[in-house]
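Visitor: Provided herewith: structure_25.cif, mmCIF, C-alpha atoms and all ligand atoms.
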```
data_input
#
loop_
_atom_site.label_atom_id
_atom_site.label_comp_id
_atom_site.auth_asym_id
_atom_site.auth_seq_id
_atom_site.Cartn_x
_atom_site.Cartn_y
_atom_site.Cartn_z
CA MET A 1141 58.32 -29.06 105.32
CA ALA A 1142 57.64 -25.32 105.44
CA GLU A 1143 57.96 -23.19 108.54
CA ARG A 1144 54.56 -21.75 109.44
CA MET A 1145 54.48 -17.96 109.69
CA ASP A 1146 52.47 -17.09 112.78
CA GLY A 1147 50.32 -14.01 112.12
CA LYS A 1148 49.03 -13.92 115.68
CA LEU A 1149 52.57 -13.72 117.03
CA VAL A 1150 53.74 -11.04 114.58
CA SER A 1151 50.53 -9.04 115.01
CA ALA A 1152 50.95 -9.19 118.80
CA SER A 1153 54.44 -7.70 118.44
CA VAL A 1154 53.09 -4.90 116.21
CA LYS A 1155 50.28 -4.19 118.69
CA GLN A 1156 52.74 -4.17 121.60
CA ARG A 1157 54.82 -1.56 119.79
CA VAL A 1158 51.69 0.51 119.17
CA ALA A 1159 50.56 0.12 122.80
CA ASP A 1160 53.96 1.30 124.09
CA GLU A 1161 53.86 4.38 121.88
CA THR A 1162 50.24 5.05 122.78
CA ALA A 1163 51.16 5.05 126.47
CA LYS A 1164 53.74 7.77 125.71
CA LEU A 1165 51.19 9.82 123.75
CA LYS A 1166 48.76 9.57 126.64
CA GLU A 1167 51.36 11.20 128.89
CA LYS A 1168 51.07 14.17 126.53
CA GLY A 1169 47.28 14.07 126.86
CA ILE A 1170 46.70 12.49 123.44
CA THR A 1171 44.57 9.37 122.94
CA PRO A 1172 44.38 8.09 119.34
CA GLY A 1173 40.75 7.72 118.26
CA LEU A 1174 39.31 5.41 115.58
CA ALA A 1175 35.75 5.54 114.26
CA VAL A 1176 34.47 2.36 112.60
CA ILE A 1177 31.36 2.43 110.45
CA ILE A 1178 29.44 -0.72 109.60
CA VAL A 1179 26.40 -0.73 107.33
CA GLY A 1180 24.01 -3.71 107.33
CA ASP A 1181 24.46 -7.03 109.04
CA ASP A 1182 27.02 -8.99 107.04
CA PRO A 1183 28.22 -11.58 109.60
CA ALA A 1184 31.86 -11.56 108.41
CA SER A 1185 31.99 -7.75 108.60
CA ARG A 1186 30.51 -7.96 112.10
CA VAL A 1187 33.35 -10.24 113.22
CA TYR A 1188 36.02 -7.99 111.64
CA VAL A 1189 34.57 -4.84 113.23
CA ASN A 1190 34.36 -6.49 116.66
CA ASN A 1191 38.00 -7.56 116.34
CA LYS A 1192 39.04 -4.03 115.32
CA LYS A 1193 37.29 -2.56 118.35
CA LYS A 1194 38.87 -5.13 120.67
CA ALA A 1195 42.32 -4.33 119.26
CA CYS A 1196 41.72 -0.60 119.85
CA ALA A 1197 40.92 -1.27 123.50
CA ALA A 1198 43.98 -3.52 123.84
CA VAL A 1199 46.43 -0.89 122.56
CA GLY A 1200 44.79 1.96 124.49
CA PHE A 1201 42.91 3.76 121.70
CA TYR A 1202 39.53 5.39 121.97
CA SER A 1203 37.10 3.81 119.49
CA GLU A 1204 33.59 4.48 118.40
CA GLU A 1205 31.29 2.33 116.30
CA TYR A 1206 28.54 3.54 113.99
CA THR A 1207 26.14 0.72 113.21
CA LEU A 1208 23.88 1.80 110.37
CA PRO A 1209 20.96 -0.19 108.98
CA GLU A 1210 21.09 -1.98 105.61
CA ASN A 1211 18.75 0.62 104.05
CA THR A 1212 21.00 3.59 104.95
CA THR A 1213 21.13 6.15 102.12
CA MET A 1214 24.28 7.69 100.64
CA GLU A 1215 23.20 11.01 102.09
CA GLN A 1216 22.96 9.56 105.61
CA LEU A 1217 26.28 7.75 105.36
CA LEU A 1218 28.08 10.77 103.95
CA SER A 1219 26.71 12.97 106.71
CA VAL A 1220 28.13 10.60 109.36
CA ILE A 1221 31.53 10.76 107.63
CA GLU A 1222 31.35 14.54 107.36
CA VAL A 1223 30.88 14.88 111.13
CA LEU A 1224 33.73 12.42 111.82
CA ASN A 1225 36.03 14.28 109.41
CA SER A 1226 35.72 17.42 111.52
CA ARG A 1227 35.96 15.78 114.96
CA GLU A 1228 39.16 16.65 116.85
CA ASP A 1229 39.10 13.44 118.91
CA ILE A 1230 38.86 11.14 115.90
CA ASP A 1231 42.15 10.45 114.09
CA GLY A 1232 41.10 7.56 111.88
CA ILE A 1233 37.88 6.65 110.06
CA LEU A 1234 37.16 3.25 108.61
CA CYS A 1235 34.04 2.19 106.74
CA GLN A 1236 33.90 -1.59 106.67
CA LEU A 1237 33.58 -3.01 103.14
CA PRO A 1238 31.75 -4.41 101.32
CA LEU A 1239 28.85 -1.99 101.53
CA PRO A 1240 25.29 -2.93 100.54
CA GLU A 1241 24.82 -2.86 96.74
CA HIS A 1242 22.88 0.41 96.58
CA LEU A 1243 25.75 2.39 98.12
CA ASP A 1244 28.59 3.83 96.05
CA GLU A 1245 31.73 2.44 97.68
CA GLN A 1246 34.16 4.72 95.86
CA ALA A 1247 32.15 7.83 96.76
CA VAL A 1248 32.22 6.75 100.41
CA ILE A 1249 35.98 6.19 100.33
CA ASP A 1250 36.42 9.58 98.61
CA ALA A 1251 34.43 11.29 101.38
CA ILE A 1252 36.81 10.22 104.16
CA ALA A 1253 39.42 12.91 104.91
CA VAL A 1254 42.74 11.85 103.39
CA ASP A 1255 44.58 12.30 106.71
CA LYS A 1256 42.03 10.09 108.51
CA ASP A 1257 41.92 7.38 105.81
CA VAL A 1258 43.62 4.67 107.87
CA ASP A 1259 42.68 2.00 105.29
CA ALA A 1260 44.70 3.96 102.68
CA PHE A 1261 41.94 3.36 100.14
CA SER A 1262 41.46 6.96 98.94
CA PRO A 1263 42.85 7.96 95.53
CA ALA A 1264 45.23 10.43 97.19
CA ASN A 1265 46.67 7.78 99.49
CA VAL A 1266 46.83 5.19 96.70
CA GLY A 1267 48.72 7.77 94.61
CA LYS A 1268 51.17 8.39 97.44
CA ILE A 1269 51.84 4.66 97.70
CA MET A 1270 52.52 4.54 93.96
CA ILE A 1271 55.13 7.28 94.34
CA GLY A 1272 56.60 5.63 97.44
CA ASN A 1273 56.02 8.68 99.66
CA TYR A 1274 53.19 7.67 101.93
CA ASP A 1275 51.79 8.14 105.42
CA PHE A 1276 49.54 5.07 105.51
CA LEU A 1277 49.96 1.68 103.90
CA PRO A 1278 46.95 -0.48 103.12
CA CYS A 1279 46.62 -2.82 106.09
CA THR A 1280 46.64 -6.27 104.47
CA PRO A 1281 49.59 -5.75 102.08
CA ALA A 1282 51.48 -3.94 104.84
CA GLY A 1283 50.81 -6.95 107.07
CA VAL A 1284 52.33 -9.24 104.44
CA MET A 1285 55.48 -7.09 104.31
CA GLU A 1286 55.71 -7.00 108.11
CA MET A 1287 55.55 -10.80 108.26
CA LEU A 1288 58.32 -11.16 105.67
CA LYS A 1289 60.44 -8.75 107.71
CA TYR A 1290 59.75 -10.56 110.99
CA TYR A 1291 60.88 -13.87 109.52
CA SER A 1292 63.95 -12.20 107.90
CA ILE A 1293 62.86 -13.27 104.43
CA PRO A 1294 64.76 -11.28 101.80
CA VAL A 1295 62.63 -9.58 99.15
CA ALA A 1296 65.16 -7.54 97.14
CA GLY A 1297 65.95 -9.14 93.80
CA LYS A 1298 63.47 -11.98 94.31
CA HIS A 1299 60.72 -12.85 91.87
CA CYS A 1300 57.45 -12.13 93.57
CA VAL A 1301 54.26 -13.34 91.90
CA VAL A 1302 50.99 -11.86 93.13
CA ILE A 1303 47.84 -13.70 92.06
CA GLY A 1304 44.95 -11.22 92.12
CA ARG A 1305 44.69 -7.55 91.16
CA SER A 1306 42.21 -6.06 93.62
CA ASN A 1307 42.63 -2.47 94.76
CA ILE A 1308 42.67 -3.61 98.39
CA VAL A 1309 45.25 -6.38 98.17
CA GLY A 1310 46.75 -7.46 94.82
CA LYS A 1311 47.75 -4.10 93.34
CA PRO A 1312 49.12 -2.51 96.54
CA ALA A 1313 50.89 -5.76 97.55
CA ALA A 1314 52.70 -5.75 94.20
CA MET A 1315 53.66 -2.10 94.69
CA LEU A 1316 55.05 -2.68 98.19
CA MET A 1317 57.10 -5.64 96.93
CA LEU A 1318 58.41 -3.39 94.15
CA HIS A 1319 59.39 -0.73 96.71
CA GLU A 1320 61.45 -3.46 98.41
CA ASN A 1321 63.21 -4.11 95.08
CA ALA A 1322 61.50 -7.37 94.16
CA THR A 1323 60.85 -8.24 90.53
CA VAL A 1324 57.08 -8.40 90.48
CA THR A 1325 54.57 -10.20 88.28
CA ILE A 1326 50.84 -9.71 88.78
CA CYS A 1327 48.66 -12.59 87.58
CA HIS A 1328 44.87 -12.59 87.26
CA SER A 1329 41.95 -14.45 85.75
CA LYS A 1330 43.04 -13.67 82.16
CA THR A 1331 46.70 -14.63 82.67
CA GLN A 1332 47.98 -17.29 80.29
CA ASN A 1333 50.31 -19.99 81.63
CA LEU A 1334 49.44 -19.06 85.21
CA LYS A 1335 50.90 -22.29 86.57
CA ASP A 1336 54.24 -21.81 84.77
CA ILE A 1337 54.55 -18.23 86.03
CA CYS A 1338 53.71 -19.21 89.60
CA LYS A 1339 56.35 -21.95 89.46
CA THR A 1340 59.02 -19.29 88.91
CA ALA A 1341 58.03 -17.38 92.09
CA ASP A 1342 60.42 -17.09 95.00
CA ILE A 1343 57.58 -15.42 96.89
CA LEU A 1344 54.04 -16.33 95.88
CA VAL A 1345 51.19 -14.17 97.18
CA ALA A 1346 47.71 -15.65 96.68
CA ALA A 1347 44.88 -13.11 96.78
CA VAL A 1348 42.35 -14.81 94.52
CA GLY A 1349 39.32 -15.51 96.67
CA LYS A 1350 39.05 -19.19 95.68
CA ALA A 1351 39.61 -21.90 98.29
CA GLY A 1352 42.55 -24.19 97.50
CA PHE A 1353 43.35 -22.42 94.20
CA VAL A 1354 47.14 -22.70 94.58
CA THR A 1355 48.15 -26.35 94.39
CA ALA A 1356 51.58 -27.95 94.93
CA ASP A 1357 52.25 -28.25 91.17
CA MET A 1358 52.16 -24.41 90.96
CA VAL A 1359 54.85 -23.92 93.62
CA LYS A 1360 58.63 -24.02 93.26
CA ASP A 1361 60.56 -26.05 95.83
CA GLY A 1362 61.54 -23.76 98.69
CA ALA A 1363 59.22 -20.89 97.71
CA VAL A 1364 57.67 -18.59 100.32
CA VAL A 1365 53.88 -18.86 100.07
CA ILE A 1366 51.69 -16.09 101.47
CA ASP A 1367 47.98 -16.86 101.57
CA VAL A 1368 45.74 -13.79 101.72
CA GLY A 1369 42.54 -15.71 100.94
CA ILE A 1370 39.67 -15.88 103.41
CA ASN A 1371 37.03 -18.21 102.02
CA ARG A 1372 34.12 -19.31 104.18
CA ILE A 1373 32.67 -22.71 103.38
CA ASP A 1374 29.98 -24.08 105.72
CA GLY A 1375 31.21 -21.73 108.43
CA LYS A 1376 34.83 -22.89 108.17
CA LEU A 1377 37.70 -20.72 106.90
CA TYR A 1378 39.90 -21.77 103.99
CA GLY A 1379 42.75 -19.93 102.31
CA ASP A 1380 43.51 -19.70 98.59
CA VAL A 1381 46.29 -22.25 99.02
CA ALA A 1382 45.86 -26.03 99.26
CA PHE A 1383 47.78 -25.90 102.52
CA ASP A 1384 48.49 -29.58 103.22
CA GLU A 1385 50.16 -30.28 99.88
CA VAL A 1386 51.88 -26.87 99.44
CA GLU A 1387 53.30 -26.98 102.98
CA LYS A 1388 55.45 -29.92 101.90
CA LYS A 1389 57.14 -27.89 99.12
CA ALA A 1390 57.41 -24.37 100.49
CA SER A 1391 60.11 -23.01 102.80
CA PHE A 1392 57.67 -20.68 104.60
CA ILE A 1393 53.89 -20.61 104.48
CA THR A 1394 51.09 -18.63 106.16
CA PRO A 1395 48.16 -20.67 107.51
CA VAL A 1396 44.49 -19.66 107.27
CA PRO A 1397 43.27 -18.76 109.81
CA GLY A 1398 46.14 -17.35 111.88
CA GLY A 1399 48.34 -16.04 109.07
CA VAL A 1400 47.82 -12.76 107.23
CA GLY A 1401 44.35 -12.16 108.77
CA PRO A 1402 45.52 -11.06 112.23
CA MET A 1403 48.18 -8.85 110.63
CA THR A 1404 45.56 -6.62 109.00
CA ILE A 1405 44.32 -5.45 112.38
CA GLY A 1406 47.84 -4.91 113.72
CA MET A 1407 48.62 -2.66 110.76
CA LEU A 1408 45.34 -0.78 111.22
CA MET A 1409 46.44 0.02 114.77
CA GLN A 1410 49.79 1.21 113.41
CA ASN A 1411 48.08 3.46 110.84
CA THR A 1412 45.74 4.93 113.45
CA LEU A 1413 48.68 5.72 115.72
CA LYS A 1414 50.43 7.38 112.77
CA ALA A 1415 47.29 9.41 111.98
CA ALA A 1416 47.15 10.63 115.59
CA LYS A 1417 50.83 11.61 115.53
CA LEU A 1418 50.43 13.50 112.24
CA HIS A 1419 47.31 15.18 113.56
CA HIS A 1420 49.22 16.44 116.62
CA ASN A 1421 52.45 17.21 114.74
CA ILE A 1422 54.44 14.65 116.66
CA GLU A 1423 57.64 13.52 114.96
CA GLU A 1424 58.31 9.80 114.48
N1 LIG B 1501 36.81 -5.42 104.18
C1 LIG B 1501 37.73 -6.42 104.06
N2 LIG B 1501 38.96 -5.96 104.38
C2 LIG B 1501 38.80 -4.66 104.71
C3 LIG B 1501 39.72 -3.65 105.14
O1 LIG B 1501 40.93 -3.86 105.27
N3 LIG B 1501 39.17 -2.44 105.39
C4 LIG B 1501 37.84 -2.19 105.24
N4 LIG B 1501 37.39 -0.95 105.49
N5 LIG B 1501 36.97 -3.10 104.83
C5 LIG B 1501 37.46 -4.32 104.58
#
```
So that I can check it, write out the structure of this file as structure tokens.
Ligand code: GUN

Guide:
Amino acid sequence: MAERMDGKLVSASVKQRVADETAKLKEKGITPGLAVIIVGDDPASRVYVNNKKKACAAVGFYSEEYTLPENTTMEQLLSVIEVLNSREDIDGILCQLPLPEHLDEQAVIDAIAVDKDVDAFSPANVGKIMIGNYDFLPCTPAGVMEMLKYYSIPVAGKHCVVIGRSNIVGKPAAMLMLHENATVTICHSKTQNLKDICKTADILVAAVGKAGFVTADMVKDGAVVIDVGINRIDGKLYGDVAFDEVEKKASFITPVPGGVGPMTIGMLMQNTLKAAKLHHNIEE
């Protein structure tokens, strides 16, 4: 039976670290500031944004929310970002995705100042991650790495299979695993022999967006299974992994909810702290 990896516990330790450092910054008169933009009234986005604001308060950050209506134009959204880019008291800017269809997500990401892009979604920050010389790591993949570290799970030399190739999770997760010297395979909807490849994984990362996609017959005995899926069915949350059957085969597994999800916010706090330190030329 697998050991459950507790994202709430690990996230709390990350947030405690951030809170301690924030207290020290405050002695120097610096309060990290995060601006969160939400467009429209997607209920899931609403929950995420509320949680991000709560986390800011808990670690001692200043935060500000911009709630814009569904029919906001690109021009309006970009003008909000432009003001935030030039504000001295704002260190990080986050525009909650997905945006309504009529808005150009990439153009919005591109508009956020690179040194305030605490999601690490901008091409410049993605490029830095590729090179391995980065300031910010994308929150969800960084949360996965933090959990592996917390549970002392070795990554170097292991075969890591990532299912999913999104810009937010799959691709950067693969890159971070590679930086830690894993041998990495990225699988996706066109992959042949998906099951056979997954069965060779020492660490299997599911970022597919389909409830229960990873079944026990796709998992090697003793594998570490990381579930990044958040699928809402009739108001209930399900991961990408068929938890009950996979739990019996894996050595470690992340539950949904309470696994990777809480980590994302912890890492956002860490990135915002880093942005504030860079902004004020404070050494690590
Ligand atoms: N939507 C889902 N996850 C994320 C995230 O990490 N950042 C932003 N900005 N939007 C998201």

Visitor: Would you work out the distance separating atom CA of A:Val1365 from atom N4 of ligand LIG 1501 (chain B), expressed in Å to one decimal?

Guide: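 Atom CA of A:Val1365 sits 24.9 Å away from atom N4 of ligand LIG 1501 (chain B).
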
Visitor: Residues of stretch 1286-1402 of chain A that have any atom at most 12 Å from an atom of stretch 1239-1262 of chain A: could you tabulate them with the shortest-distance atom pair and the distance in Å to one decimal, using all atoms listed in the file, ordered by chain and increasing number, as a Markdown table?

Guide:
```
| residue | atom | partner | partner_atom | distance |
| --- | --- | --- | --- | --- |
| A:Ser1306 | CA | A:Phe1261 | CA | 11.5 |
| A:Asn1307 | CA | A:Phe1261 | CA | 8.0 |
| A:Ile1308 | CA | A:Phe1261 | CA | 7.2 |
| A:Val1309 | CA | A:Phe1261 | CA | 10.5 |
| A:Lys1311 | CA | A:Phe1261 | CA | 11.6 |
| A:Pro1312 | CA | A:Phe1261 | CA | 9.9 |
```

Visitor: What residues have an atom no more than 10 Å from (45.1, -5.3, 105.2) in the file's own frame, counting all atoms listed in the file, and can you write them as a list in words?

Guide: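 Returned residue set, sorted by chain then number, is Asp1259, Ala1260, Leu1277, Pro1278, Cys1279, Thr1280, Pro1281, Ala1282, Gly1283, Val1284, Ile1308, Val1309, Pro1312, Ala1313, Val1368, Val1400, Gly1401, Pro1402, Met1403, Thr1404, Ile1405, Gly1406, Met1407 and Leu1408 of chain A.
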
Visitor: List as a PyMOL selection string the protein and nucleic acid residues lying within 6 Å of ligand LIG 1501 (chain B), with only C-alpha atoms and all ligand atoms counted.

Guide: chain A and resi 1234-1238+1259+1279

Visitor: How far is it from atom CA of A:Asp1367 to atom CA of A:Glu1286, in Å with one decimal?

Guide: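 We find that atom CA of A:Asp1367 and atom CA of A:Glu1286 lie 14.1 Å from each other.
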
Visitor: Using only C-alpha atoms, pick whichever of A:Val1266, A:Val1220, A:Val1301, A:Val1199 has the shortest atom-to-atom distance to A:Glu1161.

Guide: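 Among A:Val1266, A:Val1220, A:Val1301, A:Val1199, it is A:Val1199 that comes nearest to A:Glu1161.
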
Visitor: Would you mind telling me which residue in A:Met1287, A:Glu1320, A:Asp1380, A:Val1295 lies nearest to A:Ala1152 when using all atoms listed in the file?

Guide: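 The closest residue to A:Ala1152 is A:Met1287.
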
Visitor: Could you state the separation of atom CA of A:Val1348 and atom CA of A:Ala1142 in Å, given to one decimal place?

Guide: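 We find that atom CA of A:Val1348 and atom CA of A:Ala1142 lie 21.5 Å from each other.
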
Visitor: Mind working out the centre and edge lengths of an axis-aligned box for stretch 1372-1382 of chain A, all listed atoms inside, 6 Å added to each side, rounded to one decimal in Å and written as AutoDock Vina command-line options?

Guide:
```
--center_x 38.1 --center_y -22.7 --center_z 103.5 --size_x 28.3 --size_y 18.7 --size_z 21.8
```

Visitor: For A:Thr1212, work out the shell of residues within 9 Å, counting only C-alpha atoms and skipping chain neighbours fewer than 4 positions away, then give it as a PyMOL selection string.

Guide: chain A and resi 1179-1180+1208+1216-1217+1240+1243

Visitor: Using all atoms listed in the file, find the one residue out of A:Ala1314, A:His1319, A:Arg1157, A:Phe1353 that sits nearest to A:Ile1271.

Guide: A:His1319

Visitor: With a distance cut-off of 9 Å and all atoms listed in the file, select the neighbouring residues of A:Ile1303, excluding the residue or stretch itself and same-chain residues fewer than 2 positions from it, and output the selection as a list in words.

Guide: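 Here the qualifying residues turn out to be Val1301, Arg1305, Gly1310, Thr1325, Ile1326, Cys1327, His1328, Ser1329, Leu1334, Cys1338, Leu1344, Val1345, Ala1346, Ala1347 and Val1348 of chain A.
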
Visitor: Nearest to A:Glu1143: which of A:Val1381, A:Ile1366, A:Ala1390, A:Ile1177 is it, counting all atoms listed in the file?

Guide: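 Result for the nearest residue to A:Glu1143: A:Ala1390.
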